[in-house]
$ cat data33.txt   # compact mmCIF, C-alpha atoms
# COMPACT_ATOMS: atom_id res chain seq x y z
CA PHE A 1 0.00 0.00 0.00
CA GLN A 2 2.88 2.35 0.86
CA LEU A 3 4.55 1.52 -2.46
CA PHE A 4 1.31 2.28 -4.29
CA THR A 5 0.99 5.62 -2.44
CA LEU A 6 4.56 6.56 -3.32
CA SER A 7 3.99 5.61 -6.96
CA THR A 8 0.81 7.70 -7.08
CA LYS A 9 2.58 10.69 -5.58
CA LEU A 10 5.51 10.32 -7.98
CA LEU A 11 3.13 10.06 -10.92
CA SER A 12 1.22 13.14 -9.75
CA GLN A 13 4.49 15.05 -9.42
CA ILE A 14 5.59 14.01 -12.92
CA VAL A 15 2.21 15.01 -14.39
CA SER A 16 2.39 18.32 -12.50
CA GLU A 17 5.89 19.00 -13.88
CA MET A 18 4.73 18.09 -17.36
CA GLU A 19 1.74 20.43 -17.09
CA LYS A 20 4.00 23.17 -15.79
CA SER A 21 6.47 22.66 -18.61
CA LEU A 22 3.70 22.71 -21.23
CA TRP A 23 2.29 25.87 -19.67
CA ASP A 24 5.73 27.51 -19.64
CA ILE A 25 6.22 26.54 -23.27
CA ALA A 26 2.84 28.05 -24.17
CA ILE A 27 3.76 31.30 -22.40
CA GLU A 28 7.14 31.37 -24.11
CA GLN A 29 5.58 30.82 -27.53
CA SER A 30 3.07 33.58 -26.84
CA LYS A 31 5.89 35.98 -25.97
CA ILE A 32 7.73 35.03 -29.16
CA ARG A 33 4.62 35.73 -31.23
CA LYS A 34 4.16 39.10 -29.54
CA ASN A 35 7.79 39.97 -30.16
CA ASP A 36 7.39 39.00 -33.82
CA GLU A 37 4.31 41.20 -34.06
CA ASN A 38 6.15 44.10 -32.45
CA SER A 39 9.11 43.64 -34.74
CA SER A 40 6.82 43.62 -37.79
CA ASN A 41 5.39 46.93 -36.60
CA GLU A 42 8.92 48.30 -36.32
CA GLU A 43 10.21 47.42 -39.76
CA SER A 44 13.11 49.60 -40.82
CA THR A 45 13.05 52.13 -43.64
CA MET A 46 15.74 53.58 -45.88
CA PHE A 47 15.03 56.83 -47.69
CA LEU A 48 17.29 57.70 -50.63
CA PHE A 49 17.43 61.26 -51.91
CA GLY A 50 20.07 63.40 -53.58
CA SER A 51 21.45 64.70 -56.85
CA LYS A 52 19.49 64.13 -60.05
CA ASN A 53 20.89 61.21 -62.08
CA SER A 54 23.29 60.37 -59.26
CA GLY A 55 22.64 56.62 -59.36
CA LYS A 56 20.15 56.18 -56.51
CA THR A 57 18.12 53.61 -58.46
CA SER A 58 21.30 51.72 -59.38
CA ILE A 59 22.24 51.50 -55.71
CA ILE A 60 18.85 49.98 -54.88
CA LEU A 61 18.98 47.53 -57.79
CA ARG A 62 22.44 46.31 -56.81
CA PHE A 63 21.30 45.76 -53.21
CA LEU A 64 18.26 43.78 -54.37
CA ASP A 65 20.38 41.81 -56.89
CA ARG A 66 18.13 42.86 -59.75
CA ASP A 67 19.83 42.63 -63.11
CA GLU A 68 17.86 45.27 -64.98
CA PRO A 69 18.62 48.70 -66.44
CA PRO A 70 17.71 51.58 -64.11
CA LYS A 71 14.83 53.85 -65.15
CA PRO A 72 14.47 57.53 -64.26
CA THR A 73 12.64 58.00 -60.97
CA VAL A 74 9.53 60.13 -61.18
CA ALA A 75 8.60 61.88 -57.91
CA LEU A 76 8.68 59.25 -55.12
CA GLU A 77 9.02 55.51 -55.62
CA TYR A 78 8.78 52.59 -53.19
CA THR A 79 10.18 49.07 -53.09
CA PHE A 80 11.23 46.64 -50.37
CA GLY A 81 13.80 44.01 -49.53
CA ARG A 82 13.43 40.77 -47.56
CA ARG A 83 15.77 38.68 -45.48
CA ALA A 84 15.12 35.28 -43.92
CA LYS A 85 14.79 35.09 -40.12
CA GLY A 86 17.12 32.18 -39.40
CA ASN A 87 15.20 28.93 -39.91
CA ASN A 88 11.78 30.56 -39.73
CA ILE A 89 9.48 30.78 -42.73
CA ALA A 90 8.74 34.43 -41.98
CA LYS A 91 11.10 37.07 -43.34
CA ASP A 92 12.22 40.50 -42.21
CA VAL A 93 11.02 43.27 -44.49
CA GLY A 94 12.95 46.47 -45.17
CA HIS A 95 11.17 49.41 -46.79
CA ILE A 96 13.04 51.47 -49.39
CA TRP A 97 11.90 54.88 -50.64
CA GLU A 98 13.57 56.89 -53.39
CA LEU A 99 12.99 60.58 -54.14
CA GLY A 100 13.55 61.61 -57.75
CA GLY A 101 13.96 65.02 -59.35
CA GLY A 102 16.96 66.23 -57.36
CA THR A 103 16.04 69.07 -55.01
CA TRP A 104 12.73 70.45 -56.21
CA LEU A 105 10.45 67.63 -54.91
CA SER A 106 11.76 67.74 -51.34
CA LYS A 107 8.25 68.35 -49.93
CA LEU A 108 7.49 64.68 -50.64
CA MET A 109 9.78 63.78 -47.73
CA GLU A 110 6.69 63.85 -45.51
CA ILE A 111 5.65 60.47 -46.94
CA PRO A 112 8.65 58.33 -45.88
CA ILE A 113 9.57 60.44 -42.81
CA THR A 114 6.60 60.06 -40.46
CA PRO A 115 6.10 60.22 -36.68
CA LYS A 116 5.72 56.42 -36.57
CA SER A 117 8.87 55.70 -38.58
CA LEU A 118 11.26 58.07 -36.79
CA MET A 119 12.93 55.44 -34.61
CA HIS A 120 13.54 53.07 -37.53
CA THR A 121 14.43 55.27 -40.51
CA THR A 122 17.83 55.89 -42.11
CA LEU A 123 18.47 58.70 -44.59
CA LEU A 124 20.84 58.08 -47.49
CA LEU A 125 21.92 61.30 -49.23
CA VAL A 126 23.49 60.56 -52.63
CA LEU A 127 25.73 63.26 -54.10
CA ASP A 128 27.11 63.03 -57.64
CA LEU A 129 30.89 63.37 -57.36
CA SER A 130 31.19 63.82 -61.13
CA VAL A 131 29.27 67.13 -60.99
CA PRO A 132 31.01 69.16 -58.25
CA SER A 133 29.31 72.36 -59.46
CA GLU A 134 26.04 71.09 -57.93
CA LEU A 135 27.43 69.25 -54.93
CA TRP A 136 27.20 71.90 -52.19
CA SER A 137 23.91 73.41 -53.35
CA THR A 138 22.28 69.98 -53.55
CA MET A 139 23.61 68.92 -50.15
CA GLU A 140 22.60 72.18 -48.47
CA THR A 141 19.09 72.26 -49.95
CA LEU A 142 18.24 68.64 -49.21
CA LEU A 143 19.72 68.50 -45.72
CA HIS A 144 17.76 71.64 -44.81
CA ALA A 145 14.57 70.07 -46.19
CA ALA A 146 15.24 66.83 -44.29
CA LYS A 147 15.84 68.69 -41.02
CA THR A 148 12.65 70.68 -41.49
CA ARG A 149 10.60 67.57 -42.13
CA LEU A 150 12.27 65.81 -39.20
CA GLU A 151 11.31 68.64 -36.85
CA GLU A 152 7.70 68.50 -38.09
CA ALA A 153 7.52 64.73 -37.58
CA ILE A 154 9.00 65.01 -34.08
CA LYS A 155 6.46 67.69 -33.19
CA GLU A 156 3.64 65.38 -34.31
CA ALA A 157 5.16 62.38 -32.49
CA LYS A 158 5.38 64.32 -29.22
CA LEU A 159 1.59 64.22 -28.97
CA THR A 160 1.78 60.49 -28.19
CA ASP A 161 5.40 60.23 -26.99
CA PRO A 162 6.63 63.43 -25.25
CA SER A 163 10.14 61.99 -24.84
CA ILE A 164 10.65 61.09 -28.52
CA LYS A 165 13.24 63.82 -29.14
CA ASP A 166 15.28 62.78 -26.09
CA LYS A 167 15.27 59.17 -27.33
CA LEU A 168 16.46 60.24 -30.78
CA GLN A 169 19.20 62.45 -29.32
CA LYS A 170 20.42 59.64 -27.10
CA LYS A 171 20.66 57.23 -30.04
CA ALA A 172 22.37 59.91 -32.15
CA TRP A 173 25.12 60.43 -29.57
CA GLU A 174 25.50 56.66 -29.16
CA ARG A 175 26.32 56.49 -32.87
CA VAL A 176 28.89 59.30 -32.64
CA GLY A 177 30.25 58.63 -29.18
CA VAL A 178 29.30 60.69 -26.13
CA ASP A 179 32.97 61.29 -25.32
CA HIS A 180 34.07 62.32 -28.79
CA PRO A 181 36.77 65.04 -28.65
CA ASP A 182 34.81 67.19 -31.17
CA LYS A 183 31.53 66.94 -29.25
CA SER A 184 31.14 70.72 -28.91
CA MET A 185 31.39 71.09 -32.71
CA ILE A 186 29.06 68.23 -33.65
CA ASP A 187 25.30 68.57 -34.06
CA PRO A 188 24.31 64.98 -34.90
CA PHE A 189 21.40 64.33 -37.20
CA LEU A 190 18.63 62.90 -35.03
CA ILE A 191 18.12 59.88 -37.27
CA PRO A 192 20.92 57.90 -38.96
CA LEU A 193 22.36 59.71 -41.98
CA VAL A 194 24.59 58.14 -44.64
CA ILE A 195 26.22 60.48 -47.17
CA VAL A 196 27.18 58.71 -50.39
CA GLY A 197 29.51 60.11 -53.02
CA SER A 198 28.46 58.34 -56.21
CA LYS A 199 30.23 57.78 -59.54
CA HIS A 200 33.64 57.35 -57.94
CA ASP A 201 34.89 55.77 -61.17
CA LEU A 202 34.55 59.18 -62.87
CA PHE A 203 35.66 61.14 -59.83
CA GLN A 204 39.01 59.34 -59.59
CA ASP A 205 40.03 60.88 -62.93
CA PHE A 206 39.72 64.42 -61.49
CA ASP A 207 42.72 66.57 -60.68
CA SER A 208 44.34 65.51 -57.38
CA GLU A 209 43.87 68.88 -55.67
CA GLN A 210 40.23 69.05 -56.71
CA ARG A 211 39.62 65.58 -55.33
CA LYS A 212 41.34 66.55 -52.09
CA VAL A 213 39.09 69.62 -51.65
CA ILE A 214 35.91 67.62 -52.31
CA CYS A 215 36.93 64.75 -50.01
CA LYS A 216 37.89 67.03 -47.11
CA THR A 217 34.67 69.04 -47.50
CA LEU A 218 32.45 65.94 -47.52
CA ARG A 219 34.30 64.54 -44.52
CA PHE A 220 33.66 67.78 -42.62
CA ILE A 221 29.95 67.82 -43.56
CA ALA A 222 29.49 64.18 -42.55
CA HIS A 223 31.44 64.61 -39.32
CA VAL A 224 29.56 67.63 -37.96
CA HIS A 225 26.24 65.92 -38.77
CA GLY A 226 27.24 62.68 -37.05
CA ALA A 227 26.86 60.88 -40.37
CA SER A 228 28.80 58.17 -42.14
CA LEU A 229 30.46 58.86 -45.49
CA GLN A 230 31.20 56.40 -48.25
CA PHE A 231 31.97 56.56 -51.95
CA PHE A 232 30.21 54.32 -54.45
CA SER A 233 30.42 53.12 -58.04
CA THR A 234 28.49 50.37 -59.80
CA LYS A 235 31.69 49.57 -61.68
CA GLN A 236 33.72 48.79 -58.55
CA GLU A 237 32.54 45.55 -56.96
CA GLN A 238 34.23 46.27 -53.64
CA LEU A 239 32.17 49.45 -53.28
CA VAL A 240 28.99 47.60 -54.30
CA SER A 241 29.64 45.02 -51.58
CA ARG A 242 30.29 47.75 -49.04
CA MET A 243 27.02 49.48 -49.96
CA ARG A 244 25.15 46.19 -49.67
CA ASN A 245 26.55 45.83 -46.14
CA THR A 246 25.34 49.34 -45.33
CA PHE A 247 21.81 48.47 -46.46
CA ASN A 248 21.81 45.22 -44.49
CA HIS A 249 22.96 47.07 -41.38
CA CYS A 250 20.36 49.84 -41.67
CA LEU A 251 17.44 47.63 -42.67
CA PHE A 252 18.16 44.37 -40.85
CA ASP A 253 20.59 45.38 -38.09
CA ALA A 254 23.42 43.29 -39.55
CA ALA A 255 27.00 43.87 -38.42
CA THR A 256 28.82 46.71 -40.13
CA SER A 257 32.45 47.55 -40.75
CA LYS A 258 34.18 50.15 -38.58
CA ALA A 259 37.07 50.53 -41.02
CA ILE A 260 38.19 54.00 -42.05
CA GLN A 261 39.64 55.19 -45.37
CA VAL A 262 40.34 58.91 -45.73
CA ASP A 263 43.00 58.96 -48.46
CA HIS A 264 41.57 61.15 -51.25
CA SER A 265 43.23 58.92 -53.86
CA LYS A 266 41.04 56.01 -52.69
CA PRO A 267 37.27 55.54 -52.09
CA ILE A 268 36.42 57.34 -48.83
CA PHE A 269 34.76 55.34 -46.06
CA VAL A 270 34.19 56.76 -42.57
CA SER A 271 31.71 55.53 -39.95
CA PRO A 272 29.94 58.00 -37.61
CA GLY A 273 32.28 59.41 -34.98
CA HIS A 274 35.43 57.84 -36.47
CA ASP A 275 36.79 61.08 -37.95
CA THR A 276 38.12 64.18 -36.20
CA LEU A 277 38.40 67.84 -37.14
CA GLN A 278 42.14 67.62 -36.55
CA GLN A 279 42.46 64.81 -39.12
CA ILE A 280 40.21 66.63 -41.60
CA GLY A 281 42.19 69.84 -41.36
CA SER A 282 41.21 73.44 -42.05
CA PRO A 283 39.16 74.72 -45.03
CA PRO A 284 41.11 75.24 -48.27
CA LEU A 285 41.73 78.95 -47.60
CA SER A 286 44.90 80.89 -46.95
CA GLU A 287 45.31 82.72 -43.63
CA LYS A 288 44.84 86.01 -45.48
CA GLU A 289 41.57 84.80 -47.05
CA ILE A 290 40.27 83.44 -43.72
CA GLY A 291 40.83 86.88 -42.18
CA ARG A 292 38.71 88.54 -44.86
CA VAL A 293 35.83 86.01 -44.81
CA GLN A 294 32.72 87.10 -42.90
CA ALA A 295 31.62 83.64 -41.76
CA LYS A 296 29.84 83.17 -38.44
CA THR A 297 30.03 79.35 -38.30
CA PRO A 298 32.53 76.68 -39.38
CA MET A 299 29.96 75.41 -41.92
CA ALA A 300 29.72 78.90 -43.46
CA LEU A 301 33.51 79.08 -43.64
CA TRP A 302 33.73 75.74 -45.44
CA LYS A 303 30.99 76.88 -47.82
CA VAL A 304 32.94 80.00 -48.76
CA ALA A 305 36.07 77.93 -49.31
CA PHE A 306 34.36 75.20 -51.36
CA THR A 307 32.21 77.44 -53.53
CA GLY A 308 35.16 79.75 -54.10
CA ILE A 309 37.08 76.89 -55.71
CA LEU A 310 34.04 75.14 -57.24
CA PRO A 311 31.29 77.71 -58.04
CA GLN A 312 27.79 76.27 -57.74
CA THR A 313 24.86 76.25 -60.16
CA ASN A 314 21.20 76.44 -59.18
CA THR A 315 19.69 72.96 -58.78
CA ASN A 316 16.29 73.93 -57.33
CA ASP A 317 14.67 74.97 -60.61
CA PRO A 318 11.64 72.92 -61.75
CA ALA A 319 12.25 74.13 -65.30
CA LEU A 320 15.44 72.04 -65.36
CA VAL A 321 13.54 68.82 -64.63
CA ASP A 322 12.57 66.64 -67.58
CA ASP A 323 8.86 66.38 -68.30
CA PRO A 324 7.80 62.80 -67.32
CA ALA A 325 4.80 63.11 -69.67
CA LYS A 326 7.28 62.96 -72.58
CA ASP A 327 9.24 60.01 -71.21
CA PRO A 328 8.90 56.92 -73.51
CA GLN A 329 8.75 54.55 -70.52
CA PHE A 330 5.38 56.07 -69.53
CA ALA A 331 3.88 55.97 -73.03
CA GLU A 332 0.09 55.40 -73.17
CA PRO A 333 -1.08 55.68 -76.84
CA SER A 334 -4.75 56.45 -76.13
CA ILE A 335 -3.94 59.04 -73.46
CA ASP A 336 -1.05 60.51 -75.45
CA ASN A 337 -3.26 60.93 -78.54
CA LEU A 338 -5.94 62.64 -76.48
CA ARG A 339 -3.29 64.88 -74.90
CA SER A 340 -1.93 65.76 -78.34
CA GLN A 341 -5.44 66.63 -79.53
CA LYS A 342 -6.05 68.88 -76.53
CA ASP A 343 -2.68 70.57 -77.06
CA GLU A 344 -3.65 71.33 -80.66
CA GLU A 345 -7.03 72.70 -79.53
CA LEU A 346 -5.30 74.86 -76.95
CA GLU A 347 -2.84 76.19 -79.53
CA HIS A 348 -5.74 76.94 -81.93
CA TYR A 349 -7.60 78.76 -79.14
CA ARG A 350 -4.48 80.76 -78.24
CA LYS A 351 -3.96 81.91 -81.86
CA LEU A 352 -7.66 82.77 -82.17
CA ALA A 353 -7.50 84.85 -78.96
CA GLU A 354 -4.40 86.68 -80.20
CA ARG A 355 -6.07 87.50 -83.55
CA ARG A 356 -9.21 88.80 -81.83
CA SER A 357 -7.08 90.91 -79.51
CA LYS A 358 -5.26 92.47 -82.48
CA GLU A 359 -8.57 93.12 -84.32
CA SER A 360 -9.96 94.77 -81.19
CA GLN A 361 -6.92 97.04 -80.95
CA LEU A 362 -7.23 98.03 -84.63
CA ASN A 363 -10.92 98.82 -84.23
CA THR A 364 -10.22 101.10 -81.28
$ encode --input "data33.txt" --output "structure tokens"
Amino acid sequence: FQLFTLSTKLLSQIVSEMEKSLWDIAIEQSKIRKNDENSSNEESTMFLFGSKNSGKTSIILRFLDRDEPPKPTVALEYTFGRRAKGNNIAKDVGHIWELGGGTWLSKLMEIPITPKSLMHTTLLLVLDLSVPSELWSTMETLLHAAKTRLEEAIKEAKLTDPSIKDKLQKKAWERVGVDHPDKSMIDPFLIPLVIVGSKHDLFQDFDSEQRKVICKTLRFIAHVHGASLQFFSTKQEQLVSRMRNTFNHCLFDAATSKAIQVDHSKPIFVSPGHDTLQQIGSPPLSEKEIGRVQAKTPMALWKVAFTGILPQTNTNDPALVDDPAKDPQFAEPSIDNLRSQKDEELEHYRKLAERRSKESQLNT
């Protein structure tokens, strides 16, 4: 009887442990599902913007391993990338937005930069190294537009999360380094910023001194904004691989390289906080010129120096943008014929109005 009692107790204990284990497993699985749901709501975004015809679409296509010719981007375009989650069937999704048209469509930034996406968005500013006459003006215009939109999104986000700006600032300084020796000179962008110098294959044929000025200037701009800087070319596989790593890091939190390359005769690569003002050096101005320049900030001083050597052209003119209605890739015969007919009617009406106006003037 005692043996039977002991066996019953032992069996009850085993059943109890089994029930407990099954219950713990159920709780654990529930937590995993909740974490997966949360992670799906926090999918990362990359927003590419920059110089017109700078190769933004080519960068995206190379990351997605799509072997197709790039097409001109009209306004704002969206695509996405996926990466497997270990052995799970589900995949991580990374959202990719691209702004076309250079600088004049910057108001469309409000679509990819939203209050909900602030904590998981990376900006990728692409500057065409082969057109230095537009480099500073493009950078200045687009960074100002991005900052403006960022401030608006933060203001909206504060309605539901009053500490959102503090969170962004904390993460920004973690990227740069809270103990960085240039901390007093750095105003880090509140969300991750990657500055890309594209078409390095053409840029490397520039005069050595010109390349040195451009490299030093871009290093300064990236450094004071707490951004990373890297050069890119679709014709240099090493740079394509490096860009792919950047995308994987920003979209899927993959490991990234902390290497640094600042030799102007080679493709520049600098991670946030890994450069210093001492290493960058002073603006390309003589002591006499610096004394005459009326610049109130270091950024203004670098602008005077850069634009003095490489005068800038206006890039914020809608008249310079190609008309997408005339682009063959968007051809629609029925619509195009109707448009042509309406254009002819409009031209006929215009000539008729001019003739009547002249007749009226003669009669008076």
$ residues_around --input "data33.txt" --residues "Ala75 of chain A" --least-positions-apart "5" --cutoff "7 Å" --atoms "all atoms listed in the file" --output "ChimeraX atom specification"
/A:99-101,105
$ atom_distance --input "data33.txt" --atom1 "atom CA of Gly226 of chain A" --atom2 "atom CA of Glu152 of chain A"
20.4 Å
$ residues_near_point --input "data33.txt" --point "(14.0, 47.5, -43.7)" --cutoff "12 Å" --atoms "all atoms listed in the file" --output "number ranges by chain"
A: 39-47, 78-83, 91-97, 117, 120-122, 246-254
$ residues_around --input "data33.txt" --residues "Thr234 of chain A" --least-positions-apart "4" --cutoff "9 Å" --atoms "all atoms listed in the file" --output "list in words"
Gly55, Ser58, Ile59, Arg62, Ser198, Lys199, His200, Asp201, Leu239 and Val240 of chain A
$ atom_distance --input "data33.txt" --atom1 "atom CA of Arg149 of chain A" --atom2 "atom CA of Glu110 of chain A"
6.4 Å
$ atom_distance --input "data33.txt" --atom1 "atom CA of Asp128 of chain A" --atom2 "atom CA of Leu64 of chain A"
21.4 Å
$ closest_residue --input "data33.txt" --among "A:Thr160, A:Thr217, A:Ser51, A:Gln230" --to "Pro298 of chain A" --atoms "only C-alpha atoms"
A:Thr217
$ residues_near_point --input "data33.txt" --point "(35.5, 79.9, -46.9)" --cutoff "7 Å" --atoms "only C-alpha atoms" --output "short mmCIF file (atom, residue, chain, number, x, y, z; two decimals) with C-alpha atoms, keeping the file's coordinate frame"
data_model
loop_
_atom_site.label_atom_id
_atom_site.label_comp_id
_atom_site.auth_asym_id
_atom_site.auth_seq_id
_atom_site.Cartn_x
_atom_site.Cartn_y
_atom_site.Cartn_z
CA PRO A 283 39.16 74.72 -45.03
CA LEU A 285 41.73 78.95 -47.60
CA ILE A 290 40.27 83.44 -43.72
CA VAL A 293 35.83 86.01 -44.81
CA ALA A 300 29.72 78.90 -43.46
CA LEU A 301 33.51 79.08 -43.64
CA TRP A 302 33.73 75.74 -45.44
CA LYS A 303 30.99 76.88 -47.82
CA VAL A 304 32.94 80.00 -48.76
CA ALA A 305 36.07 77.93 -49.31
CA PHE A 306 34.36 75.20 -51.36
#
$ closest_residue --input "data33.txt" --among "A:Asp187, A:Asp263, A:Glu77, A:Glu359" --to "Cys215 of chain A" --atoms "all atoms listed in the file"
A:Asp263
$ residues_around --input "data33.txt" --residues "Val178 of chain A" --least-positions-apart "4" --cutoff "12 Å" --atoms "all atoms listed in the file" --output "number ranges by chain"
A: 169-174, 182-184, 186-188, 226, 272-273
$ axis_aligned_box --input "data33.txt" --around "segment 148-157 of chain A" --padding-each-side "4 Å" --output "lines of an AutoDock Vina configuration file"
center_x = 8.1
center_y = 66.5
center_z = -37.3
size_x = 17.0
size_y = 16.3
size_z = 17.6
$ closest_residue --input "data33.txt" --among "A:Arg244, A:Leu190, A:Ala146, A:Gly197" --to "Ile60 of chain A" --atoms "all atoms listed in the file"
A:Arg244
$ closest_residue --input "data33.txt" --among "A:Leu129, A:Leu218, A:Val74, A:Leu352" --to "Phe206 of chain A" --atoms "all atoms listed in the file"
A:Leu129
$ closest_residue --input "data33.txt" --among "A:Leu142, A:Ile280, A:Ala84, A:Ile154" --to "Pro115 of chain A" --atoms "all atoms listed in the file"
A:Ile154
$ closest_residue --input "data33.txt" --among "A:Glu237, A:Leu310, A:Gln294, A:Leu125" --to "Ala222 of chain A" --atoms "all atoms listed in the file"
A:Leu125
$ residues_around --input "data33.txt" --residues "Ser228 of chain A" --least-positions-apart "5" --cutoff "7 Å" --atoms "all atoms listed in the file" --output "list of chain:residue names"
A:Leu193, A:Val194, A:Ile195, A:Ala222, A:Val270, A:Ser271, A:Pro272
$ residues_around --input "data33.txt" --residues "Leu143 of chain A" --least-positions-apart "4" --cutoff "12 Å" --atoms "all atoms listed in the file" --output "ChimeraX atom specification"
/A:49-51,103,106,109,123-127,136-139,147-150,189,193-195,221-222,225,227
$ build_atoms --input "data33.txt" --residues "segment 234-247 of chain A" --atoms "N, CA, C and O atoms" --output "short mmCIF file (atom, residue, chain, number, x, y, z; two decimals), keeping the file's coordinate frame"
data_model
loop_
_atom_site.label_atom_id
_atom_site.label_comp_id
_atom_site.auth_asym_id
_atom_site.auth_seq_id
_atom_site.Cartn_x
_atom_site.Cartn_y
_atom_site.Cartn_z
N THR A 234 29.01 51.67 -59.37
CA THR A 234 28.49 50.37 -59.80
C THR A 234 29.56 49.57 -60.52
O THR A 234 29.40 48.35 -60.71
N LYS A 235 30.64 50.23 -60.92
CA LYS A 235 31.69 49.57 -61.68
C LYS A 235 32.83 49.05 -60.79
O LYS A 235 33.81 48.51 -61.30
N GLN A 236 32.70 49.26 -59.49
CA GLN A 236 33.72 48.79 -58.55
C GLN A 236 33.06 47.85 -57.55
O GLN A 236 32.36 48.29 -56.63
N GLU A 237 33.28 46.56 -57.72
CA GLU A 237 32.54 45.55 -56.96
C GLU A 237 32.78 45.67 -55.45
O GLU A 237 31.89 45.36 -54.65
N GLN A 238 33.96 46.11 -55.06
CA GLN A 238 34.23 46.27 -53.64
C GLN A 238 33.30 47.32 -53.02
O GLN A 238 32.81 47.15 -51.90
N LEU A 239 33.05 48.39 -53.77
CA LEU A 239 32.17 49.45 -53.28
C LEU A 239 30.71 49.00 -53.29
O LEU A 239 29.92 49.40 -52.43
N VAL A 240 30.35 48.16 -54.26
CA VAL A 240 28.99 47.60 -54.30
C VAL A 240 28.75 46.72 -53.07
O VAL A 240 27.71 46.79 -52.42
N SER A 241 29.74 45.89 -52.75
CA SER A 241 29.64 45.02 -51.58
C SER A 241 29.54 45.83 -50.30
O SER A 241 28.76 45.50 -49.40
N ARG A 242 30.32 46.89 -50.22
CA ARG A 242 30.29 47.75 -49.04
C ARG A 242 28.93 48.43 -48.89
O ARG A 242 28.39 48.54 -47.77
N MET A 243 28.34 48.86 -50.01
CA MET A 243 27.02 49.48 -49.96
C MET A 243 25.96 48.47 -49.56
O MET A 243 25.03 48.79 -48.80
N ARG A 244 26.09 47.25 -50.05
CA ARG A 244 25.15 46.19 -49.67
C ARG A 244 25.21 45.95 -48.15
O ARG A 244 24.17 45.75 -47.50
N ASN A 245 26.40 45.99 -47.58
CA ASN A 245 26.55 45.83 -46.14
C ASN A 245 25.88 46.97 -45.39
O ASN A 245 25.27 46.77 -44.33
N THR A 246 25.98 48.18 -45.95
CA THR A 246 25.34 49.34 -45.33
C THR A 246 23.83 49.17 -45.30
O THR A 246 23.17 49.43 -44.28
N PHE A 247 23.25 48.71 -46.40
CA PHE A 247 21.81 48.47 -46.46
C PHE A 247 21.40 47.40 -45.45
O PHE A 247 20.39 47.55 -44.74
#
